[in-house]
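A quick write-up on the structure given underneath.
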Amino acid sequence: MIGLSKSSEVSDILQKAQDGETLDYSDGVTLMESDDFHGMAHIANGIRKKLVGDTASFVVGYNMNYSNVCAASCQICAFYRRKGDEGEYTYTVEECLKQVADGVSLGATEIHIVGGLNPYLPIDYYEDLFSSICREYPKVTVKALTMAELFFLAKINRSSVGEIAQRFREAGLKTMTGGGAEILHPDVRPLIARGKLTGEEWLRTAEDAHNNGITSNSTMLYGHLEKAKHRIDHIIKIRELQAKTHGFLSFIPLKFSLPNTELLRSGDVGDPSSAQDDIKVIAVSRLLFGDLLKNIAVYWVSMGKRVAQVALNSGGNDLIGTSFSEKIYKETGRDETISIEELTHLIREAGRVPIQRDTFYNPIRYM
Ligand code: SF4
């Protein structure tokens with residue numbers, strides 16, 4: 001009886017979503033706790049199709065991590081180093097520009113720039129970096145920094161987030177990456193993101209960036225210590241901010257990769273999320289955002305190429321992109337690369353028409 005009533009509750013919620021009604025927190029938790037990922041994926045795919053048709057998009061992007069020096073020590077992170085640690089590095093602006101040249105030679109239209117919370121780099125470094133890229137490669141879009149970096153830089157420079165955002169915008173920063181959100185809920189966040197900004201601070205930083213003319217993406221790291229209710233709390237908070245600013249370009253669920261992280265070493269997390277869970281996260285994200293946020297992105301680097309194809313038929317509409325030179329997941333052992341040809345092949349195999357897009361999700365060419 002209990003099973004039956006739960007299943008009819010899920011059906012009712014899916015009907016609401018199909019009818020275009022906004023799902024609430026309780027609806028979201030019921031879906032996220034349900035095993036009916038087929039039903040959710042089916043409805044989510046229908047909503048996706050109404051929004052973008054038969055297409056799936058990607059950007060030709062080059063990832064550049066200017067420094068791995070970080071003042072925080074997130075339990076989820078295999079990337080950061082302390083100053084003086086083996087493997088610690090910070091690139092000069094000139095070294096960064098050489099990497100941008102590599103990216104441009106591979107056809108990149110976007111440079112995705114993130115690093116640690118580096119207390120040794122002045123604001124001028126970032127301004128010089130952004131303006132130099134814009135000057136030397138005017139066709140490339142600078143997508144840079146997580147909310148954690150922007151908040152940290154404002155704090156150590158005793159400025160407001162708005163002031164730093166304006167300076168960066170004038171230097172050429174066009175949009176932000178959306179990272180650092182992890183799980184916003186205060187019961188989970190200290191257990192996974194030690195030393196990083198709080199969930200409330202992440203949301204305020206995003207709002208300040210949006211209000212100062214800088215759009216961003218948004219992310220959610222799942223598959224560690226969080227429960228269904230924390231995922232839904234996270235999605236609803238981002239949805240509420242989107243309704244206010246319309247500054248998010250996409251929502252990107254990121255599957256947690258365990259190797260070389262404190263969470264794995266401590267034994268607090270033993271297994272990665274299942275493929276079934278990965279699909280459910282994409283589907284529920286689509287169902288909760290509805291048409292308020294058109295782009296639910298599938299990060300193939302975190303999810304794997306094959307599961308990513310299924311995700312494209314379960315509510316996801318974008319494969320993020322080539323992510324040339326990706327280093328953050330690489331530190332956790334996920335050393336996957338992809339060519340533009342393979343990316344378009346994956347999309348076609350999933351039954352969709354590939355579109356190369358720009359950073360702002362405008363189509364560049366149908367492939
Ligand atoms: S996740 Fe980011 S803020 Fe946290 S330790 Fe790693 S680099 Fe630093």
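FYI, nothing fancy with the structure tokens labels: chains A, B, ... in order, residues from 1 per chain, ligands from 1 as they appear.
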
Return as an mmCIF file with all heavy atoms, in the first residue's frame the residues of protein, DNA or RNA that approach ligand 1 to within 7 Å, with only C-alpha atoms and all ligand atoms taken into account.
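This is the output file selection_34.cif:
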```cif
data_model
loop_
_atom_site.group_PDB
_atom_site.id
_atom_site.type_symbol
_atom_site.label_atom_id
_atom_site.label_comp_id
_atom_site.auth_asym_id
_atom_site.auth_seq_id
_atom_site.Cartn_x
_atom_site.Cartn_y
_atom_site.Cartn_z
ATOM 1 N N ASN A 68 47.085 26.661 -8.293
ATOM 2 C CA ASN A 68 46.414 25.701 -7.403
ATOM 3 C C ASN A 68 46.667 26.031 -5.931
ATOM 4 O O ASN A 68 46.316 25.252 -5.051
ATOM 5 C CB ASN A 68 46.856 24.260 -7.711
ATOM 6 C CG ASN A 68 48.341 24.034 -7.478
ATOM 7 O OD1 ASN A 68 49.073 24.959 -7.162
ATOM 8 N ND2 ASN A 68 48.773 22.793 -7.651
ATOM 9 N N CYS A 70 45.804 27.533 -2.535
ATOM 10 C CA CYS A 70 44.477 27.821 -1.995
ATOM 11 C C CYS A 70 44.517 27.942 -0.481
ATOM 12 O O CYS A 70 45.154 27.144 0.207
ATOM 13 C CB CYS A 70 43.492 26.730 -2.405
ATOM 14 S SG CYS A 70 41.790 27.184 -1.993
ATOM 15 N N ALA A 71 43.811 28.975 0.012
ATOM 16 C CA ALA A 71 43.729 29.198 1.458
ATOM 17 C C ALA A 71 42.692 28.284 2.109
ATOM 18 O O ALA A 71 42.678 28.143 3.325
ATOM 19 C CB ALA A 71 43.369 30.654 1.716
ATOM 20 N N ALA A 72 41.831 27.691 1.310
ATOM 21 C CA ALA A 72 40.826 26.767 1.865
ATOM 22 C C ALA A 72 41.381 25.341 1.798
ATOM 23 O O ALA A 72 42.471 25.108 1.267
ATOM 24 C CB ALA A 72 39.531 26.876 1.074
ATOM 25 N N SER A 73 40.648 24.408 2.370
ATOM 26 C CA SER A 73 41.093 23.003 2.331
ATOM 27 C C SER A 73 39.849 22.114 2.257
ATOM 28 O O SER A 73 39.570 21.329 3.164
ATOM 29 C CB SER A 73 41.922 22.664 3.571
ATOM 30 O OG SER A 73 41.202 23.023 4.741
ATOM 31 N N CYS A 74 39.118 22.268 1.179
ATOM 32 C CA CYS A 74 37.847 21.555 1.039
ATOM 33 C C CYS A 74 38.078 20.037 1.034
ATOM 34 O O CYS A 74 38.980 19.542 0.347
ATOM 35 C CB CYS A 74 37.153 21.964 -0.253
ATOM 36 S SG CYS A 74 36.779 23.718 -0.327
ATOM 37 N N ILE A 76 36.400 17.905 -0.363
ATOM 38 C CA ILE A 76 36.057 17.329 -1.661
ATOM 39 C C ILE A 76 37.163 17.508 -2.697
ATOM 40 O O ILE A 76 37.039 17.038 -3.810
ATOM 41 C CB ILE A 76 34.808 18.033 -2.244
ATOM 42 C CG1 ILE A 76 35.014 19.544 -2.175
ATOM 43 C CG2 ILE A 76 33.537 17.564 -1.565
ATOM 44 C CD1 ILE A 76 34.074 20.344 -3.003
ATOM 45 N N CYS A 77 38.244 18.206 -2.340
ATOM 46 C CA CYS A 77 39.153 18.716 -3.367
ATOM 47 C C CYS A 77 40.472 17.959 -3.422
ATOM 48 O O CYS A 77 41.121 17.742 -2.398
ATOM 49 C CB CYS A 77 39.418 20.194 -3.098
ATOM 50 S SG CYS A 77 40.465 20.972 -4.341
ATOM 51 N N ALA A 78 40.880 17.599 -4.625
ATOM 52 C CA ALA A 78 42.188 16.971 -4.844
ATOM 53 C C ALA A 78 43.132 17.936 -5.552
ATOM 54 O O ALA A 78 44.256 17.586 -5.861
ATOM 55 C CB ALA A 78 42.006 15.717 -5.698
ATOM 56 N N PHE A 79 42.665 19.138 -5.798
ATOM 57 C CA PHE A 79 43.396 20.092 -6.649
ATOM 58 C C PHE A 79 44.312 21.025 -5.855
ATOM 59 O O PHE A 79 45.408 21.351 -6.302
ATOM 60 C CB PHE A 79 42.356 20.903 -7.446
ATOM 61 C CG PHE A 79 42.900 22.047 -8.242
ATOM 62 C CD1 PHE A 79 43.625 21.821 -9.412
ATOM 63 C CD2 PHE A 79 42.688 23.360 -7.834
ATOM 64 C CE1 PHE A 79 44.123 22.890 -10.145
ATOM 65 C CE2 PHE A 79 43.179 24.426 -8.564
ATOM 66 C CZ PHE A 79 43.900 24.190 -9.722
ATOM 67 N N TYR A 80 43.888 21.419 -4.671
ATOM 68 C CA TYR A 80 44.590 22.517 -3.995
ATOM 69 C C TYR A 80 45.923 22.097 -3.382
ATOM 70 O O TYR A 80 46.147 20.950 -3.035
ATOM 71 C CB TYR A 80 43.691 23.128 -2.899
ATOM 72 C CG TYR A 80 43.622 22.317 -1.616
ATOM 73 C CD1 TYR A 80 44.467 22.605 -0.547
ATOM 74 C CD2 TYR A 80 42.716 21.282 -1.464
ATOM 75 C CE1 TYR A 80 44.418 21.875 0.634
ATOM 76 C CE2 TYR A 80 42.654 20.552 -0.297
ATOM 77 C CZ TYR A 80 43.504 20.849 0.753
ATOM 78 O OH TYR A 80 43.456 20.119 1.911
ATOM 79 N N GLY A 115 40.888 28.980 -10.359
ATOM 80 C CA GLY A 115 42.050 28.579 -9.569
ATOM 81 C C GLY A 115 41.657 28.445 -8.121
ATOM 82 O O GLY A 115 40.466 28.449 -7.779
ATOM 83 N N GLY A 116 42.656 28.326 -7.257
ATOM 84 C CA GLY A 116 42.374 28.257 -5.822
ATOM 85 C C GLY A 116 42.114 29.654 -5.265
ATOM 86 O O GLY A 116 42.119 30.642 -5.997
ATOM 87 N N LEU A 117 41.891 29.720 -3.962
ATOM 88 C CA LEU A 117 41.722 31.015 -3.292
ATOM 89 C C LEU A 117 43.120 31.469 -2.904
ATOM 90 O O LEU A 117 43.597 31.185 -1.809
ATOM 91 C CB LEU A 117 40.811 30.870 -2.068
ATOM 92 C CG LEU A 117 39.485 30.124 -2.297
ATOM 93 C CD1 LEU A 117 38.651 30.086 -1.028
ATOM 94 C CD2 LEU A 117 38.700 30.761 -3.442
ATOM 95 N N ALA A 148 33.358 31.608 -5.169
ATOM 96 C CA ALA A 148 34.281 31.502 -4.033
ATOM 97 C C ALA A 148 35.497 32.401 -4.259
ATOM 98 O O ALA A 148 35.949 33.095 -3.334
ATOM 99 C CB ALA A 148 34.713 30.045 -3.854
ATOM 100 N N GLY A 180 31.988 26.347 -7.050
ATOM 101 C CA GLY A 180 32.063 26.724 -5.636
ATOM 102 C C GLY A 180 30.750 26.611 -4.901
ATOM 103 O O GLY A 180 30.682 26.816 -3.696
ATOM 104 N N ALA A 193 33.382 21.587 2.431
ATOM 105 C CA ALA A 193 33.999 22.803 1.849
ATOM 106 C C ALA A 193 34.611 23.661 2.955
ATOM 107 O O ALA A 193 34.250 24.836 3.119
ATOM 108 C CB ALA A 193 32.956 23.584 1.054
ATOM 109 N N LYS A 196 35.750 27.609 2.793
ATOM 110 C CA LYS A 196 35.150 28.295 1.644
ATOM 111 C C LYS A 196 33.965 29.134 2.120
ATOM 112 O O LYS A 196 33.481 28.943 3.235
ATOM 113 C CB LYS A 196 34.658 27.228 0.662
ATOM 114 C CG LYS A 196 34.435 27.710 -0.729
ATOM 115 C CD LYS A 196 33.935 26.579 -1.588
ATOM 116 C CE LYS A 196 35.069 25.977 -2.372
ATOM 117 N NZ LYS A 196 34.618 24.937 -3.290
#
```

Inset, instruction - Fewer than 3 positions away in the same chain doesn't count, so skip those; otherwise give me all residues within 12 Å of His38 in chain A, counting only C-alpha atoms, as a ChimeraX atom specification. - result: /A:10-11,14,31,34-35,41-45,276-277,279-280,282-284,310-311,313-315

Generate the output file for the selected residues, C-alpha atoms, as an mmCIF file, in the first residue's frame.
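Result written to part-v5.cif:
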```cif
data_model
loop_
_atom_site.group_PDB
_atom_site.id
_atom_site.type_symbol
_atom_site.label_atom_id
_atom_site.label_comp_id
_atom_site.auth_asym_id
_atom_site.auth_seq_id
_atom_site.Cartn_x
_atom_site.Cartn_y
_atom_site.Cartn_z
ATOM 1 C CA VAL A 10 5.219 10.637 -7.957
ATOM 2 C CA SER A 11 2.792 10.355 -10.894
ATOM 3 C CA LEU A 14 5.140 14.433 -12.795
ATOM 4 C CA LEU A 31 11.038 12.852 -6.663
ATOM 5 C CA SER A 34 11.880 7.966 -5.596
ATOM 6 C CA ASP A 35 13.353 5.100 -7.615
ATOM 7 C CA ALA A 41 13.549 11.059 -17.213
ATOM 8 C CA HIS A 42 10.650 10.639 -19.659
ATOM 9 C CA ILE A 43 8.780 13.740 -18.502
ATOM 10 C CA ALA A 44 11.978 15.768 -18.117
ATOM 11 C CA ASN A 45 12.965 14.843 -21.659
ATOM 12 C CA GLN A 276 20.776 5.765 -12.030
ATOM 13 C CA ASP A 277 21.350 8.538 -9.494
ATOM 14 C CA ILE A 279 20.240 10.432 -14.432
ATOM 15 C CA LYS A 280 17.799 11.225 -11.650
ATOM 16 C CA ILE A 282 19.580 15.650 -14.279
ATOM 17 C CA ALA A 283 15.883 14.800 -14.618
ATOM 18 C CA VAL A 284 14.844 16.332 -11.294
ATOM 19 C CA VAL A 310 21.538 9.001 -21.534
ATOM 20 C CA ALA A 311 21.407 12.260 -19.576
ATOM 21 C CA ASN A 313 17.619 12.147 -23.162
ATOM 22 C CA SER A 314 16.631 12.680 -19.541
ATOM 23 C CA GLY A 315 16.349 16.451 -19.324
#
```

Which of range 104-254 of chain A fall in strand (DSSP E or B), as a PDB file with N, CA, C and O atoms, in the first residue's frame:
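This went into selection_20.pdb:
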```pdb
ATOM      1  N   GLU A 110      36.116  30.003 -26.061  1.00  0.00           N
ATOM      2  CA  GLU A 110      35.925  30.374 -24.660  1.00  0.00           C
ATOM      3  C   GLU A 110      37.117  29.902 -23.845  1.00  0.00           C
ATOM      4  O   GLU A 110      37.594  28.784 -24.026  1.00  0.00           O
ATOM      5  N   ILE A 111      37.608  30.771 -22.944  1.00  0.00           N
ATOM      6  CA  ILE A 111      38.646  30.358 -21.995  1.00  0.00           C
ATOM      7  C   ILE A 111      37.989  30.331 -20.616  1.00  0.00           C
ATOM      8  O   ILE A 111      37.480  31.346 -20.128  1.00  0.00           O
ATOM      9  N   HIS A 112      37.981  29.139 -20.044  1.00  0.00           N
ATOM     10  CA  HIS A 112      37.346  28.908 -18.733  1.00  0.00           C
ATOM     11  C   HIS A 112      38.468  28.962 -17.697  1.00  0.00           C
ATOM     12  O   HIS A 112      39.362  28.119 -17.701  1.00  0.00           O
ATOM     13  N   ILE A 113      38.427  29.980 -16.836  1.00  0.00           N
ATOM     14  CA  ILE A 113      39.569  30.237 -15.938  1.00  0.00           C
ATOM     15  C   ILE A 113      39.144  30.115 -14.480  1.00  0.00           C
ATOM     16  O   ILE A 113      38.284  30.879 -14.010  1.00  0.00           O
ATOM     17  N   THR A 141      36.003  34.528 -25.541  1.00  0.00           N
ATOM     18  CA  THR A 141      35.257  35.020 -24.382  1.00  0.00           C
ATOM     19  C   THR A 141      35.936  34.571 -23.094  1.00  0.00           C
ATOM     20  O   THR A 141      36.256  33.391 -22.933  1.00  0.00           O
ATOM     21  N   VAL A 142      36.137  35.525 -22.193  1.00  0.00           N
ATOM     22  CA  VAL A 142      36.720  35.205 -20.881  1.00  0.00           C
ATOM     23  C   VAL A 142      35.583  34.834 -19.922  1.00  0.00           C
ATOM     24  O   VAL A 142      34.770  35.681 -19.539  1.00  0.00           O
ATOM     25  N   LYS A 143      35.540  33.549 -19.584  1.00  0.00           N
ATOM     26  CA  LYS A 143      34.587  33.055 -18.559  1.00  0.00           C
ATOM     27  C   LYS A 143      35.454  32.656 -17.375  1.00  0.00           C
ATOM     28  O   LYS A 143      36.232  31.712 -17.481  1.00  0.00           O
ATOM     29  N   ALA A 144      35.356  33.390 -16.296  1.00  0.00           N
ATOM     30  CA  ALA A 144      36.350  33.148 -15.244  1.00  0.00           C
ATOM     31  C   ALA A 144      35.773  33.262 -13.843  1.00  0.00           C
ATOM     32  O   ALA A 144      34.780  33.948 -13.611  1.00  0.00           O
ATOM     33  N   THR A 175      31.623  36.609 -18.091  1.00  0.00           N
ATOM     34  CA  THR A 175      30.690  35.783 -17.333  1.00  0.00           C
ATOM     35  C   THR A 175      31.499  34.892 -16.396  1.00  0.00           C
ATOM     36  O   THR A 175      32.721  34.768 -16.546  1.00  0.00           O
ATOM     37  N   MET A 176      30.808  34.273 -15.423  1.00  0.00           N
ATOM     38  CA  MET A 176      31.532  33.470 -14.422  1.00  0.00           C
ATOM     39  C   MET A 176      31.153  31.994 -14.544  1.00  0.00           C
ATOM     40  O   MET A 176      30.145  31.639 -15.125  1.00  0.00           O
ATOM     41  N   THR A 215      26.952  37.881 -15.806  1.00  0.00           N
ATOM     42  CA  THR A 215      26.139  36.670 -15.675  1.00  0.00           C
ATOM     43  C   THR A 215      27.029  35.543 -15.147  1.00  0.00           C
ATOM     44  O   THR A 215      28.243  35.693 -15.021  1.00  0.00           O
ATOM     45  N   SER A 216      26.407  34.403 -14.861  1.00  0.00           N
ATOM     46  CA  SER A 216      27.206  33.260 -14.400  1.00  0.00           C
ATOM     47  C   SER A 216      26.450  31.975 -14.686  1.00  0.00           C
ATOM     48  O   SER A 216      25.276  31.994 -15.047  1.00  0.00           O
ATOM     49  N   ASN A 217      27.156  30.895 -14.469  1.00  0.00           N
ATOM     50  CA  ASN A 217      26.508  29.592 -14.465  1.00  0.00           C
ATOM     51  C   ASN A 217      26.302  29.201 -13.008  1.00  0.00           C
ATOM     52  O   ASN A 217      26.706  29.931 -12.089  1.00  0.00           O
ATOM     53  N   SER A 218      25.691  28.057 -12.770  1.00  0.00           N
ATOM     54  CA  SER A 218      25.516  27.585 -11.389  1.00  0.00           C
ATOM     55  C   SER A 218      25.750  26.078 -11.380  1.00  0.00           C
ATOM     56  O   SER A 218      25.505  25.407 -12.388  1.00  0.00           O
ATOM     57  N   THR A 219      26.248  25.585 -10.264  1.00  0.00           N
ATOM     58  CA  THR A 219      26.586  24.163 -10.186  1.00  0.00           C
ATOM     59  C   THR A 219      26.013  23.545  -8.916  1.00  0.00           C
ATOM     60  O   THR A 219      25.597  24.259  -7.996  1.00  0.00           O
ATOM     61  N   MET A 220      26.037  22.225  -8.866  1.00  0.00           N
ATOM     62  CA  MET A 220      25.724  21.496  -7.623  1.00  0.00           C
ATOM     63  C   MET A 220      26.599  20.243  -7.611  1.00  0.00           C
ATOM     64  O   MET A 220      26.537  19.432  -8.531  1.00  0.00           O
ATOM     65  N   LEU A 221      27.419  20.097  -6.580  1.00  0.00           N
ATOM     66  CA  LEU A 221      28.239  18.897  -6.451  1.00  0.00           C
ATOM     67  C   LEU A 221      27.450  17.868  -5.644  1.00  0.00           C
ATOM     68  O   LEU A 221      27.083  18.136  -4.489  1.00  0.00           O
ATOM     69  N   TYR A 222      27.202  16.719  -6.258  1.00  0.00           N
ATOM     70  CA  TYR A 222      26.394  15.702  -5.580  1.00  0.00           C
ATOM     71  C   TYR A 222      27.153  14.374  -5.539  1.00  0.00           C
ATOM     72  O   TYR A 222      28.146  14.176  -6.246  1.00  0.00           O
ATOM     73  N   PHE A 248      21.614  33.591 -14.243  1.00  0.00           N
ATOM     74  CA  PHE A 248      22.258  32.291 -14.471  1.00  0.00           C
ATOM     75  C   PHE A 248      22.008  31.846 -15.911  1.00  0.00           C
ATOM     76  O   PHE A 248      20.878  31.876 -16.405  1.00  0.00           O
ATOM     77  N   LEU A 249      23.085  31.395 -16.549  1.00  0.00           N
ATOM     78  CA  LEU A 249      22.973  30.882 -17.918  1.00  0.00           C
ATOM     79  C   LEU A 249      22.644  29.398 -17.927  1.00  0.00           C
ATOM     80  O   LEU A 249      22.070  28.882 -18.884  1.00  0.00           O
ATOM     81  N   SER A 250      23.073  28.688 -16.876  1.00  0.00           N
ATOM     82  CA  SER A 250      22.866  27.236 -16.864  1.00  0.00           C
ATOM     83  C   SER A 250      22.947  26.706 -15.438  1.00  0.00           C
ATOM     84  O   SER A 250      23.451  27.393 -14.536  1.00  0.00           O
ATOM     85  N   PHE A 251      22.440  25.499 -15.286  1.00  0.00           N
ATOM     86  CA  PHE A 251      22.626  24.744 -14.039  1.00  0.00           C
ATOM     87  C   PHE A 251      23.405  23.485 -14.407  1.00  0.00           C
ATOM     88  O   PHE A 251      23.027  22.757 -15.332  1.00  0.00           O
ATOM     89  N   ILE A 252      24.493  23.244 -13.673  1.00  0.00           N
ATOM     90  CA  ILE A 252      25.393  22.138 -14.020  1.00  0.00           C
ATOM     91  C   ILE A 252      25.558  21.202 -12.820  1.00  0.00           C
ATOM     92  O   ILE A 252      26.326  21.519 -11.900  1.00  0.00           O
ATOM     93  N   PRO A 253      24.866  20.080 -12.790  1.00  0.00           N
ATOM     94  CA  PRO A 253      25.129  19.105 -11.722  1.00  0.00           C
ATOM     95  C   PRO A 253      26.502  18.465 -11.948  1.00  0.00           C
ATOM     96  O   PRO A 253      26.817  18.024 -13.056  1.00  0.00           O
ATOM     97  N   LEU A 254      27.320  18.430 -10.912  1.00  0.00           N
ATOM     98  CA  LEU A 254      28.670  17.849 -11.008  1.00  0.00           C
ATOM     99  C   LEU A 254      28.739  16.630 -10.104  1.00  0.00           C
ATOM    100  O   LEU A 254      28.508  16.736  -8.892  1.00  0.00           O
TER     101      LEU A 254
END
```

Legend entry - Long-range neighbours of Tyr329 in chain A as a VMD selection string, 9 Å cut-off, only C-alpha atoms, 4 positions minimum in chain: chain A and resid 78 to 79 257 301 to 302 333 to 336

Using N, CA and C atoms, can you export the residues from the last selection as a PDB file, in the first residue's frame?
```pdb
ATOM      1  N   ALA A  78      40.880  17.599  -4.625  1.00  0.00           N
ATOM      2  CA  ALA A  78      42.188  16.971  -4.844  1.00  0.00           C
ATOM      3  C   ALA A  78      43.132  17.936  -5.552  1.00  0.00           C
ATOM      4  N   PHE A  79      42.665  19.138  -5.798  1.00  0.00           N
ATOM      5  CA  PHE A  79      43.396  20.092  -6.649  1.00  0.00           C
ATOM      6  C   PHE A  79      44.312  21.025  -5.855  1.00  0.00           C
ATOM      7  N   SER A 257      33.849  13.151  -7.653  1.00  0.00           N
ATOM      8  CA  SER A 257      34.843  12.128  -7.982  1.00  0.00           C
ATOM      9  C   SER A 257      35.745  11.940  -6.751  1.00  0.00           C
ATOM     10  N   VAL A 301      32.708  15.059 -18.406  1.00  0.00           N
ATOM     11  CA  VAL A 301      33.963  14.744 -17.706  1.00  0.00           C
ATOM     12  C   VAL A 301      33.649  14.095 -16.352  1.00  0.00           C
ATOM     13  N   SER A 302      32.646  14.611 -15.659  1.00  0.00           N
ATOM     14  CA  SER A 302      32.325  14.080 -14.328  1.00  0.00           C
ATOM     15  C   SER A 302      31.472  12.821 -14.403  1.00  0.00           C
ATOM     16  N   GLY A 333      41.880  11.594 -10.919  1.00  0.00           N
ATOM     17  CA  GLY A 333      42.082  10.410 -11.749  1.00  0.00           C
ATOM     18  C   GLY A 333      41.204  10.347 -12.981  1.00  0.00           C
ATOM     19  N   ARG A 334      40.333  11.344 -13.189  1.00  0.00           N
ATOM     20  CA  ARG A 334      39.462  11.312 -14.376  1.00  0.00           C
ATOM     21  C   ARG A 334      40.150  12.061 -15.515  1.00  0.00           C
ATOM     22  N   ASP A 335      41.045  11.369 -16.163  1.00  0.00           N
ATOM     23  CA  ASP A 335      41.839  12.015 -17.213  1.00  0.00           C
ATOM     24  C   ASP A 335      41.223  11.721 -18.573  1.00  0.00           C
ATOM     25  N   GLU A 336      40.057  12.309 -18.834  1.00  0.00           N
ATOM     26  CA  GLU A 336      39.375  12.042 -20.096  1.00  0.00           C
ATOM     27  C   GLU A 336      39.557  13.223 -21.035  1.00  0.00           C
TER      28      GLU A 336
END
```

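With only C-alpha atoms as the atoms that count, the minimum distance from Tyr62 in chain A to the choices A:Gly270, A:Gly290, A:Gly87, A:Gly103 is reached by A:Gly103.
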
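With distances restricted to only C-alpha atoms, A:Ala17 is the closest residue to Gly39 in chain A from A:Ala17, A:Ile320, A:Val52, A:Ala206.
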